[in-house]
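Colleague: Take a look at this one; I'll ask things after.
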Amino acid sequence: MKIRNSLLLLVLPLLMSGALVPVSADGDNWRDLHKEVKEGHLVGIGAIMDWLEARYEGQILEVELEQEDGRIEYEVEMIGPRGQVVEFEFDATNGELLSVEGVNIEAMKKPP
């Protein structure tokens, strides 16, 4: 639950400010994004956090929701137990992990 609690502290102010929206959206479109999640068109950030929490040790530093090449993506930056910073990219429409970038990623993985 550490990841979820720290992320909620980051995400809620961003949602309220309108900062957590695709690049092409204006400040009021966060309501549309909420509707998209509720209707199942986008994966909620909670599902992404659960996936990360089950597989990796660390704390979330930053979450962004961006539109990249017509696709909406979550970018989640985490700091691991050894101070390593790793960025995870997820497809927001289906929750698929698209990429992981950083150093010493293996040290963050939880045992199966």
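Please note that chains go A, B, ... in the order of the structure tokens, that every chain numbers its residues from 1, and that ligands are numbered from 1 in the order shown.
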Residues within 8 Å of Leu61 (chain A), please, as an mmCIF file with N, CA, C and O atoms, in the first residue's frame. Count only C-alpha atoms; anything in the same chain fewer than 3 positions from it doesn't count.

Modeller:
```cif
data_model
loop_
_atom_site.group_PDB
_atom_site.id
_atom_site.type_symbol
_atom_site.label_atom_id
_atom_site.label_comp_id
_atom_site.auth_asym_id
_atom_site.auth_seq_id
_atom_site.Cartn_x
_atom_site.Cartn_y
_atom_site.Cartn_z
ATOM 1 N N LEU A 7 1.318 7.675 -4.243
ATOM 2 C CA LEU A 7 0.845 8.120 -5.543
ATOM 3 C C LEU A 7 -0.418 8.947 -5.419
ATOM 4 O O LEU A 7 -0.571 9.945 -6.107
ATOM 5 N N VAL A 76 5.261 6.217 -15.334
ATOM 6 C CA VAL A 76 5.424 6.162 -13.888
ATOM 7 C C VAL A 76 6.912 6.079 -13.587
ATOM 8 O O VAL A 76 7.592 5.164 -14.035
ATOM 9 N N GLU A 77 7.399 7.041 -12.815
ATOM 10 C CA GLU A 77 8.804 7.057 -12.419
ATOM 11 C C GLU A 77 8.894 6.617 -10.966
ATOM 12 O O GLU A 77 8.178 7.132 -10.110
ATOM 13 N N MET A 78 9.754 5.633 -10.716
ATOM 14 C CA MET A 78 9.929 5.090 -9.362
ATOM 15 C C MET A 78 11.391 5.179 -8.949
ATOM 16 O O MET A 78 12.292 5.142 -9.796
ATOM 17 N N ILE A 79 11.594 5.276 -7.648
ATOM 18 C CA ILE A 79 12.944 5.172 -7.100
ATOM 19 C C ILE A 79 13.014 3.867 -6.314
ATOM 20 O O ILE A 79 12.123 3.566 -5.522
#
```

Colleague: Find the residues near Ser99 (chain A): any atom within 10 Å, counting only C-alpha atoms, skip ones fewer than 4 places away on the same chain, and give them as an MDAnalysis selection string.

Modeller: chainID A and resid 75 87:91

Colleague: Could you please take those selected residues and save C-alpha atoms as an mmCIF file, in the first residue's frame?

Modeller:
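Contents of part_14.cif, freshly written:
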```cif
data_model
loop_
_atom_site.group_PDB
_atom_site.id
_atom_site.type_symbol
_atom_site.label_atom_id
_atom_site.label_comp_id
_atom_site.auth_asym_id
_atom_site.auth_seq_id
_atom_site.Cartn_x
_atom_site.Cartn_y
_atom_site.Cartn_z
ATOM 1 C CA GLU A 75 4.506 7.147 -17.435
ATOM 2 C CA GLU A 87 10.535 4.774 -15.657
ATOM 3 C CA PHE A 88 7.682 2.452 -16.615
ATOM 4 C CA GLU A 89 5.433 3.210 -19.590
ATOM 5 C CA PHE A 90 1.975 1.635 -19.845
ATOM 6 C CA ASP A 91 -0.681 1.758 -22.539
#
```

Colleague: Which is closer to Ile48 (chain A) than all the others in A:Val85, A:Val103, A:Lys109, A:Tyr74, using only C-alpha atoms?

Modeller: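 Ranked by minimum distance to Ile48 (chain A), first place goes to A:Tyr74.
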
Colleague: Of the residues A:Gly80, A:Gly102, A:Glu66, A:Lys38, which is the one nearest to Glu53 (chain A), using only C-alpha atoms?

Modeller: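 Comparing A:Gly80, A:Gly102, A:Glu66, A:Lys38 against Glu53 (chain A), the winner is A:Gly80.
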
Colleague: With distances taken over only C-alpha atoms, which residue among A:Val86, A:Asn94, A:Leu52, A:Glu64 lies nearest Lys110 (chain A)?

Modeller: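 For Lys110 (chain A), the nearest of the given residues is A:Leu52.
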
Colleague: Please determine, counting only C-alpha atoms, which residue among A:Ala54, A:Gln59, A:Gly83, A:Arg71 has the shortest atom-to-atom distance to Pro112 (chain A).

Modeller: A:Ala54

Colleague: Write out as a VMD selection string all residues of region 60-100 of chain A that DSSP puts in strand (DSSP E) for this structure's backbone.

Modeller: chain A and resid 60 to 68 71 to 79 85 to 91 97 to 100
